[in-house]
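Asks: So that you have it, the file is protein30.cif, and it contains mmCIF, C-alpha atoms:
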data_input
loop_
_atom_site.label_atom_id
_atom_site.label_comp_id
_atom_site.auth_asym_id
_atom_site.auth_seq_id
_atom_site.Cartn_x
_atom_site.Cartn_y
_atom_site.Cartn_z
CA MET G 1 -10.43 -15.48 -3.05
CA ASP G 2 -11.86 -13.35 -0.29
CA GLY G 3 -11.82 -9.72 -1.31
CA GLY G 4 -15.06 -8.71 0.34
CA PRO G 5 -18.63 -9.01 -0.95
CA GLN G 6 -19.10 -9.27 -4.71
CA TYR G 7 -20.82 -6.37 -6.42
CA ASN G 8 -21.27 -5.16 -9.98
CA PRO G 9 -20.49 -1.49 -10.67
CA ARG G 10 -22.98 -0.18 -13.23
CA THR G 11 -22.01 3.47 -13.83
CA VAL G 12 -18.80 5.00 -15.12
CA GLU G 13 -18.07 6.43 -11.67
CA GLU G 14 -18.69 3.07 -9.97
CA VAL G 15 -16.47 1.22 -12.45
CA PHE G 16 -13.73 3.79 -11.90
CA ARG G 17 -14.00 3.38 -8.11
CA ASP G 18 -13.74 -0.38 -8.59
CA PHE G 19 -10.65 0.17 -10.79
CA LYS G 20 -8.99 2.46 -8.23
CA GLY G 21 -9.61 0.03 -5.37
CA ARG G 22 -8.18 -2.96 -7.24
CA ARG G 23 -5.24 -0.84 -8.45
CA ALA G 24 -4.45 0.36 -4.90
CA GLY G 25 -4.42 -3.23 -3.63
CA MET G 26 -2.04 -4.40 -6.36
CA ILE G 27 0.27 -1.42 -5.83
CA LYS G 28 0.47 -2.33 -2.14
CA ALA G 29 1.45 -5.90 -3.06
CA LEU G 30 4.25 -4.66 -5.32
CA THR G 31 5.56 -1.86 -3.05
CA THR G 32 4.77 -1.61 0.66
CA ASP G 33 3.87 -5.33 1.01
CA VAL G 34 6.51 -6.56 -1.46
CA GLU G 35 8.29 -8.89 0.99
CA GLU G 36 5.07 -10.73 1.81
CA PHE G 37 4.11 -10.82 -1.89
CA TYR G 38 7.54 -12.23 -2.82
CA GLN G 39 7.26 -15.02 -0.24
CA GLN G 40 3.76 -16.00 -1.36
CA CYS G 41 4.85 -16.39 -5.00
CA ASP G 42 6.67 -19.66 -4.39
CA PRO G 43 7.80 -21.19 -7.73
CA GLU G 44 7.23 -24.65 -6.23
CA LYS G 45 3.49 -24.02 -6.05
CA GLU G 46 0.97 -24.34 -8.87
CA ASN G 47 0.03 -21.53 -11.28
CA LEU G 48 -0.62 -18.44 -9.16
CA CYS G 49 -2.26 -15.10 -9.95
CA LEU G 50 -2.17 -11.68 -8.27
CA TYR G 51 -5.68 -10.37 -7.58
CA GLY G 52 -6.65 -6.84 -6.55
CA PHE G 53 -9.99 -6.20 -4.88
CA PRO G 54 -12.27 -3.13 -4.80
CA ASN G 55 -11.61 -2.73 -1.04
CA GLU G 56 -7.88 -2.11 -1.75
CA LEU G 57 -6.77 -5.58 -0.63
CA TRP G 58 -4.66 -8.01 -2.66
CA GLU G 59 -4.26 -11.76 -2.78
CA VAL G 60 -2.05 -14.36 -4.43
CA ASN G 61 -4.15 -17.38 -5.31
CA LEU G 62 -4.95 -20.07 -7.85
CA PRO G 63 -7.13 -18.99 -10.79
CA ALA G 64 -10.90 -19.38 -10.65
CA GLU G 65 -12.13 -22.92 -11.36
CA GLU G 66 -15.28 -22.01 -13.28
CA VAL G 67 -15.04 -21.71 -17.06
CA PRO G 68 -15.62 -19.08 -18.26
CA PRO G 69 -14.75 -17.16 -15.07
CA GLU G 70 -17.04 -14.52 -13.58
CA LEU G 71 -14.45 -11.81 -14.36
CA PRO G 72 -11.40 -11.77 -16.66
CA GLU G 73 -8.50 -13.56 -14.99
CA PRO G 74 -5.09 -12.03 -14.17
CA ALA G 75 -1.85 -13.34 -15.69
CA LEU G 76 -1.36 -16.99 -14.78
CA GLY G 77 1.82 -18.43 -13.28
CA ILE G 78 3.54 -15.24 -12.09
CA ASN G 79 5.39 -17.31 -9.48
CA PHE G 80 7.27 -19.43 -12.04
CA ALA G 81 9.42 -16.53 -13.26
CA ARG G 82 10.29 -15.24 -9.79
CA ASP G 83 13.68 -16.89 -9.30
CA GLY G 84 14.74 -16.70 -12.93
CA MET G 85 14.86 -12.88 -13.05
CA GLN G 86 16.19 -9.94 -11.09
CA GLU G 87 13.58 -9.05 -8.47
CA LYS G 88 12.95 -5.56 -9.85
CA ASP G 89 12.48 -6.97 -13.39
CA TRP G 90 10.08 -9.61 -12.11
CA LEU G 91 8.05 -7.02 -10.19
CA SER G 92 7.96 -4.82 -13.30
CA LEU G 93 6.66 -7.77 -15.35
CA VAL G 94 3.92 -8.49 -12.80
CA ALA G 95 3.06 -4.76 -12.81
CA VAL G 96 2.60 -4.69 -16.60
CA HIS G 97 0.31 -7.73 -16.50
CA SER G 98 -1.60 -6.16 -13.58
CA ASP G 99 -2.22 -3.00 -15.64
CA ALA G 100 -3.57 -5.10 -18.50
CA TRP G 101 -5.86 -7.03 -16.14
CA LEU G 102 -7.27 -3.86 -14.55
CA LEU G 103 -8.20 -2.48 -17.98
CA ALA G 104 -9.77 -5.81 -18.94
CA VAL G 105 -11.95 -5.86 -15.80
CA ALA G 106 -13.01 -2.21 -16.19
CA PHE G 107 -14.04 -2.60 -19.82
CA TYR G 108 -15.68 -5.96 -19.09
CA PHE G 109 -18.03 -4.09 -16.78
CA GLY G 110 -18.46 -1.42 -19.46
CA ALA G 111 -19.47 -3.99 -22.05
CA ARG G 112 -21.69 -5.91 -19.66
CA PHE G 113 -23.68 -2.85 -18.66
CA GLY G 114 -23.89 -1.29 -22.09
CA PHE G 115 -21.55 1.71 -21.90
CA ASP G 116 -21.76 3.71 -25.11
CA LYS G 117 -18.87 5.37 -26.92
CA ALA G 118 -19.00 8.49 -24.74
CA ASP G 119 -19.07 6.41 -21.51
CA ARG G 120 -16.13 4.27 -22.64
CA LYS G 121 -14.13 7.36 -23.58
CA ARG G 122 -14.90 9.02 -20.22
CA LEU G 123 -13.92 5.87 -18.34
CA PHE G 124 -10.65 5.58 -20.24
CA ASN G 125 -9.80 9.24 -19.65
CA MET G 126 -10.43 8.84 -15.89
CA ILE G 127 -8.19 5.77 -15.82
CA ASN G 128 -5.54 7.41 -18.00
CA ASP G 129 -5.21 10.33 -15.58
CA LEU G 130 -3.70 7.90 -13.04
CA PRO G 131 -0.15 6.56 -13.43
CA THR G 132 -0.02 2.89 -14.33
CA ILE G 133 1.07 0.30 -11.79
CA PHE G 134 4.19 -0.20 -13.91
CA GLU G 135 5.01 3.52 -13.67
CA VAL G 136 4.54 3.50 -9.89
CA VAL G 137 6.60 0.34 -9.34
CA THR G 138 9.49 1.36 -11.59
CA GLY G 139 9.46 5.05 -10.68
CA ALA G 140 9.00 5.92 -14.37
CA ALA G 141 6.30 8.48 -13.59
CA LYS G 142 8.60 10.25 -11.12
CA LYS G 143 11.43 10.33 -13.68
CA GLN G 144 9.12 11.87 -16.28
CA VAL G 145 8.10 14.57 -13.81
CA LYS G 146 11.77 15.26 -12.96
CA GLU G 147 12.72 15.63 -16.63
CA LYS G 148 9.79 17.93 -17.30
CA SER G 149 10.47 20.19 -14.34
CA SER G 150 14.29 20.19 -14.29
CA VAL G 151 14.55 23.46 -16.25
CA SER G 152 11.88 25.44 -14.41
CA ASN G 153 12.44 24.24 -10.86
CA HIS G 154 16.04 25.23 -10.08
CA SER G 155 14.98 26.13 -6.56
CA SER G 156 14.01 22.53 -5.84
CA ASN G 157 17.70 21.49 -5.76
CA LYS G 158 17.92 21.77 -1.99
CA SER G 159 20.16 19.76 0.29
CA LYS G 160 18.76 16.33 1.03
CA SER G 161 18.59 16.99 4.74
CA ASN G 162 16.46 20.10 4.24
CA SER G 163 13.98 18.47 1.87
CA LYS G 164 13.73 15.04 3.45
CA VAL G 165 10.30 15.44 5.00
CA ARG G 166 7.92 17.03 2.53
CA GLY G 167 4.93 18.79 3.98
CA SER G 168 6.35 18.81 7.50
CA GLU G 169 7.30 22.49 7.35
CA SER G 170 3.92 23.60 6.06
CA ALA G 171 2.25 21.31 8.59
CA LYS G 172 4.20 22.95 11.43
CA TYR G 173 3.31 26.43 10.18
CA LEU G 174 -0.34 25.52 9.99
CA LYS G 175 -0.30 24.11 13.53
CA GLY G 176 1.73 27.02 14.87
CA GLY G 177 -0.72 29.71 13.84
CA GLN G 178 1.23 31.22 10.95
CA PRO G 179 -0.61 34.23 9.43
CA LYS G 180 -2.99 33.16 6.68
CA ASP G 181 -1.26 35.02 3.84
CA GLU G 182 2.07 33.35 4.70
CA GLU G 183 0.40 29.93 4.85
CA GLU G 184 -1.05 30.46 1.39
CA GLY G 185 2.34 31.55 0.03
CA LEU G 186 3.97 28.38 1.35
CA ASP G 187 1.24 26.19 -0.12
CA GLU G 188 1.55 27.83 -3.53
CA VAL G 189 5.32 27.23 -3.66
CA ASP G 190 4.88 23.66 -2.43
CA GLU G 191 2.19 22.88 -5.00
CA GLU G 192 4.20 24.49 -7.81
CA GLU G 193 7.33 22.48 -7.06
CA HIS G 194 5.83 19.13 -6.14
CA GLY G 195 2.29 19.01 -7.56
CA ASP G 196 3.14 16.25 -10.07
CA THR G 197 4.99 14.05 -7.56
CA LEU G 198 3.41 10.63 -6.98
CA CYS G 199 3.26 8.57 -3.81
CA GLY G 200 5.40 5.44 -4.13
CA ALA G 201 2.74 3.40 -2.31
CA CYS G 202 -0.67 4.51 -3.60
CA GLY G 203 0.35 6.40 -6.75
CA GLU G 204 -1.71 9.47 -5.90
CA ASN G 205 -0.51 13.03 -6.49
CA TYR G 206 1.14 15.29 -3.93
CA ALA G 207 -1.03 17.81 -2.06
CA SER G 208 0.35 20.50 0.25
CA ASP G 209 -2.10 19.71 3.05
CA GLU G 210 -0.76 16.15 3.41
CA PHE G 211 2.37 14.92 5.22
CA TRP G 212 4.95 13.28 2.96
CA ILE G 213 8.32 11.63 3.57
CA CYS G 214 11.16 10.69 1.21
CA CYS G 215 13.07 7.39 1.31
CA ASP G 216 16.79 8.07 1.59
CA ILE G 217 17.60 4.88 -0.35
CA CYS G 218 15.32 4.86 -3.43
CA GLU G 219 14.39 8.57 -3.12
CA LYS G 220 10.69 7.88 -3.68
CA TRP G 221 8.14 10.03 -1.84
CA PHE G 222 5.33 8.56 0.25
CA HIS G 223 2.24 9.80 2.07
CA GLY G 224 2.98 9.51 5.77
CA LYS G 225 -0.30 7.64 6.21
CA CYS G 226 0.65 5.08 3.51
CA VAL G 227 3.86 4.09 5.33
CA LYS G 228 2.55 4.73 8.86
CA ILE G 229 4.94 7.61 9.65
CA THR G 230 3.71 10.69 11.53
CA PRO G 231 5.40 14.14 11.46
CA ALA G 232 6.40 13.68 15.11
CA ARG G 233 8.01 10.32 14.43
CA ALA G 234 9.80 11.67 11.34
CA GLU G 235 11.55 14.29 13.44
CA HIS G 236 13.55 11.49 15.13
CA ILE G 237 14.45 9.53 11.98
CA LYS G 238 17.99 10.21 10.78
CA GLN G 239 17.73 8.04 7.67
CA TYR G 240 14.30 6.91 6.46
CA LYS G 241 13.94 3.63 4.56
CA CYS G 242 10.61 2.84 2.92
CA PRO G 243 9.06 -0.63 3.52
CA SER G 244 10.36 -1.90 0.18
CA CYS G 245 13.96 -0.85 0.85
CA SER G 246 13.80 -2.05 4.46
CA ASN G 247 12.74 -5.52 3.33
CA LYS G 248 15.34 -5.90 0.58
CA ARG G 249 17.83 -8.68 1.09
CA ALA G 250 20.02 -10.81 -1.10
CA ARG G 251 17.91 -13.06 -3.28
CA PRO G 252 19.13 -16.55 -4.20
#
Take the structure in the file and write it out as structure tokens.

Replies:
Amino acid sequence: MDGGPQYNPRTVEEVFRDFKGRRAGMIKALTTDVEEFYQQCDPEKENLCLYGFPNELWEVNLPAEEVPPELPEPALGINFARDGMQEKDWLSLVAVHSDAWLLAVAFYFGARFGFDKADRKRLFNMINDLPTIFEVVTGAAKKQVKEKSSVSNHSSNKSKSNSKVRGSESAKYLKGGQPKDEEEGLDEVDEEEHGDTLCGACGENYASDEFWICCDICEKWFHGKCVKITPARAEHIKQYKCPSCSNKRARP
């Protein structure tokens, strides 16, 4: 496993950064890099695990040989179930086990470096403010936001063509020298309507100063930077497919 140099986070903030980095890597494996992840999880191979690293990389590999291992180990043998389930169900299963592993690693560090009750509670609250990998992969977090806001946000029921590229309008206004009070008004409306929306790649919240784009197939929203789409490029896309939808094909 080569996820960069080993280090031991010793404070709550450092453990949380470690958690976020590993989480981001595993979300990439299960969303934007899902085709590559699927291919690497060959059921003909030995027991394989999905690892996330603090530098936001991921890897499918055999478990550590040393006993006991340096860190808690992820779920073993994720590749064996791949062809016996629907792909989305298999990815959801891997996501659940990934969430459990991330918590195990974070609280392993907490125990190792003597976090007290207040530290453990603060660490859990920081982690709990983020959607789980399972919620990101299945879109459950987005559905919860939709249900919560369906009554209050009638104005968000725009035509798909008008709302396809989120943030592009405000970005154009900002570049075009719109008066400051009008810019602020646009940002306030944008934040009010979409503030709880989560990126389908990294799981982070929407912010009005960032460029977002919506997949026309799965209807998930993504940071432009996460899927390598710029506002200029988006202007010429008639139907946008996210990496996950673009890579979908019939599974045996």

Asks: What would the selection look like, as number ranges by chain, if the PyMOL selection byres ((chain G and resi 99) around 12) were run on the coordinates I just shared?

Replies: G: 19-20, 22-24, 26-27, 50-52, 74-75, 92-98, 100-106, 127-128, 130-137

Asks: Could you tell me which residues the PyMOL selection byres ((chain G and resi 54) around 6) returns for this structure, as a PyMOL selection string?

Replies: chain G and resi 18+21-22+53+55-56

Asks: My list of candidates is G:Val34, G:Ala81, G:Ala207, G:Ala64. Which is closest to Ser246 of chain G when distances are computed with all atoms listed in the file?

Replies: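 Closest to Ser246 of chain G, using all atoms listed in the file: G:Val34.
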
Asks: Any chance you could work out the residue set of the PyMOL selection byres ((chain G and resi 224-234) around 8) here, as a list in words?

Replies: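 Answer for the PyMOL selection byres ((chain G and resi 224-234) around 8): Thr32, Val165, Ser168, Ala201, Cys202, Glu210, Phe211, Trp212, Ile213, Phe222, His223, Glu235, His236, Ile237, Cys242 and Pro243 of chain G.
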
Asks: Mind giving me the straight-line distance from atom CA of Pro63 of chain G to atom CA of Ile78 of chain G in Å, one decimal?

Replies: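 Distance reported for this atom pair: 11.4 Å.
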
Asks: Would you mind putting N, CA and C atoms back on segment 216-244 of chain G and writing the result as a PDB file, in the coordinates of the input?

Replies:
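Saved file rebuild.pdb follows:
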ATOM      1  N   ASP G 216      15.405   7.686   1.844  1.00  0.00           N
ATOM      2  CA  ASP G 216      16.790   8.070   1.590  1.00  0.00           C
ATOM      3  C   ASP G 216      17.533   7.063   0.705  1.00  0.00           C
ATOM      4  N   ILE G 217      16.937   5.896   0.474  1.00  0.00           N
ATOM      5  CA  ILE G 217      17.600   4.880  -0.350  1.00  0.00           C
ATOM      6  C   ILE G 217      17.147   4.983  -1.803  1.00  0.00           C
ATOM      7  N   CYS G 218      15.819   4.829  -2.041  1.00  0.00           N
ATOM      8  CA  CYS G 218      15.320   4.860  -3.430  1.00  0.00           C
ATOM      9  C   CYS G 218      14.858   6.248  -3.852  1.00  0.00           C
ATOM     10  N   GLU G 219      14.776   7.185  -2.874  1.00  0.00           N
ATOM     11  CA  GLU G 219      14.390   8.570  -3.120  1.00  0.00           C
ATOM     12  C   GLU G 219      12.956   8.726  -3.645  1.00  0.00           C
ATOM     13  N   LYS G 220      12.117   7.749  -3.366  1.00  0.00           N
ATOM     14  CA  LYS G 220      10.690   7.880  -3.680  1.00  0.00           C
ATOM     15  C   LYS G 220       9.992   8.589  -2.533  1.00  0.00           C
ATOM     16  N   TRP G 221       8.929   9.314  -2.862  1.00  0.00           N
ATOM     17  CA  TRP G 221       8.140  10.030  -1.840  1.00  0.00           C
ATOM     18  C   TRP G 221       6.905   9.207  -1.488  1.00  0.00           C
ATOM     19  N   PHE G 222       6.486   9.311  -0.232  1.00  0.00           N
ATOM     20  CA  PHE G 222       5.330   8.560   0.250  1.00  0.00           C
ATOM     21  C   PHE G 222       4.450   9.434   1.134  1.00  0.00           C
ATOM     22  N   HIS G 223       3.123   9.229   1.055  1.00  0.00           N
ATOM     23  CA  HIS G 223       2.240   9.800   2.070  1.00  0.00           C
ATOM     24  C   HIS G 223       2.644   9.203   3.414  1.00  0.00           C
ATOM     25  N   GLY G 224       2.696  10.034   4.439  1.00  0.00           N
ATOM     26  CA  GLY G 224       2.980   9.510   5.770  1.00  0.00           C
ATOM     27  C   GLY G 224       2.006   8.414   6.157  1.00  0.00           C
ATOM     28  N   LYS G 225       0.717   8.608   5.816  1.00  0.00           N
ATOM     29  CA  LYS G 225      -0.300   7.640   6.210  1.00  0.00           C
ATOM     30  C   LYS G 225      -0.112   6.304   5.499  1.00  0.00           C
ATOM     31  N   CYS G 226       0.464   6.323   4.268  1.00  0.00           N
ATOM     32  CA  CYS G 226       0.650   5.080   3.510  1.00  0.00           C
ATOM     33  C   CYS G 226       1.753   4.215   4.108  1.00  0.00           C
ATOM     34  N   VAL G 227       2.750   4.852   4.744  1.00  0.00           N
ATOM     35  CA  VAL G 227       3.860   4.090   5.330  1.00  0.00           C
ATOM     36  C   VAL G 227       3.865   4.171   6.854  1.00  0.00           C
ATOM     37  N   LYS G 228       2.753   4.693   7.397  1.00  0.00           N
ATOM     38  CA  LYS G 228       2.550   4.730   8.860  1.00  0.00           C
ATOM     39  C   LYS G 228       3.637   5.533   9.583  1.00  0.00           C
ATOM     40  N   ILE G 229       3.973   6.701   9.007  1.00  0.00           N
ATOM     41  CA  ILE G 229       4.940   7.610   9.650  1.00  0.00           C
ATOM     42  C   ILE G 229       4.237   8.939   9.920  1.00  0.00           C
ATOM     43  N   THR G 230       4.306   9.403  11.159  1.00  0.00           N
ATOM     44  CA  THR G 230       3.710  10.690  11.530  1.00  0.00           C
ATOM     45  C   THR G 230       4.791  11.768  11.496  1.00  0.00           C
ATOM     46  N   PRO G 231       4.407  13.059  11.406  1.00  0.00           N
ATOM     47  CA  PRO G 231       5.400  14.140  11.460  1.00  0.00           C
ATOM     48  C   PRO G 231       6.264  14.070  12.716  1.00  0.00           C
ATOM     49  N   ALA G 232       5.658  13.748  13.850  1.00  0.00           N
ATOM     50  CA  ALA G 232       6.400  13.680  15.110  1.00  0.00           C
ATOM     51  C   ALA G 232       7.453  12.575  15.073  1.00  0.00           C
ATOM     52  N   ARG G 233       7.074  11.443  14.521  1.00  0.00           N
ATOM     53  CA  ARG G 233       8.010  10.320  14.430  1.00  0.00           C
ATOM     54  C   ARG G 233       9.135  10.643  13.447  1.00  0.00           C
ATOM     55  N   ALA G 234       8.805  11.336  12.368  1.00  0.00           N
ATOM     56  CA  ALA G 234       9.800  11.670  11.340  1.00  0.00           C
ATOM     57  C   ALA G 234      10.907  12.554  11.883  1.00  0.00           C
ATOM     58  N   GLU G 235      10.568  13.385  12.858  1.00  0.00           N
ATOM     59  CA  GLU G 235      11.550  14.290  13.440  1.00  0.00           C
ATOM     60  C   GLU G 235      12.742  13.535  14.055  1.00  0.00           C
ATOM     61  N   HIS G 236      12.509  12.267  14.446  1.00  0.00           N
ATOM     62  CA  HIS G 236      13.550  11.490  15.130  1.00  0.00           C
ATOM     63  C   HIS G 236      14.204  10.466  14.219  1.00  0.00           C
ATOM     64  N   ILE G 237      13.859  10.476  12.926  1.00  0.00           N
ATOM     65  CA  ILE G 237      14.450   9.530  11.980  1.00  0.00           C
ATOM     66  C   ILE G 237      15.616  10.193  11.264  1.00  0.00           C
ATOM     67  N   LYS G 238      16.811   9.640  11.440  1.00  0.00           N
ATOM     68  CA  LYS G 238      17.990  10.210  10.780  1.00  0.00           C
ATOM     69  C   LYS G 238      18.059   9.792   9.323  1.00  0.00           C
ATOM     70  N   GLN G 239      17.761   8.530   9.042  1.00  0.00           N
ATOM     71  CA  GLN G 239      17.730   8.040   7.670  1.00  0.00           C
ATOM     72  C   GLN G 239      16.480   7.192   7.501  1.00  0.00           C
ATOM     73  N   TYR G 240      15.551   7.645   6.630  1.00  0.00           N
ATOM     74  CA  TYR G 240      14.300   6.910   6.460  1.00  0.00           C
ATOM     75  C   TYR G 240      14.420   5.909   5.313  1.00  0.00           C
ATOM     76  N   LYS G 241      14.033   4.655   5.590  1.00  0.00           N
ATOM     77  CA  LYS G 241      13.940   3.630   4.560  1.00  0.00           C
ATOM     78  C   LYS G 241      12.483   3.230   4.404  1.00  0.00           C
ATOM     79  N   CYS G 242      11.988   3.243   3.175  1.00  0.00           N
ATOM     80  CA  CYS G 242      10.610   2.840   2.920  1.00  0.00           C
ATOM     81  C   CYS G 242      10.461   1.332   3.159  1.00  0.00           C
ATOM     82  N   PRO G 243       9.239   0.810   3.264  1.00  0.00           N
ATOM     83  CA  PRO G 243       9.060  -0.630   3.520  1.00  0.00           C
ATOM     84  C   PRO G 243       9.760  -1.512   2.496  1.00  0.00           C
ATOM     85  N   SER G 244       9.727  -1.092   1.228  1.00  0.00           N
ATOM     86  CA  SER G 244      10.360  -1.900   0.180  1.00  0.00           C
ATOM     87  C   SER G 244      11.859  -1.985   0.381  1.00  0.00           C
TER      88      SER G 244
END
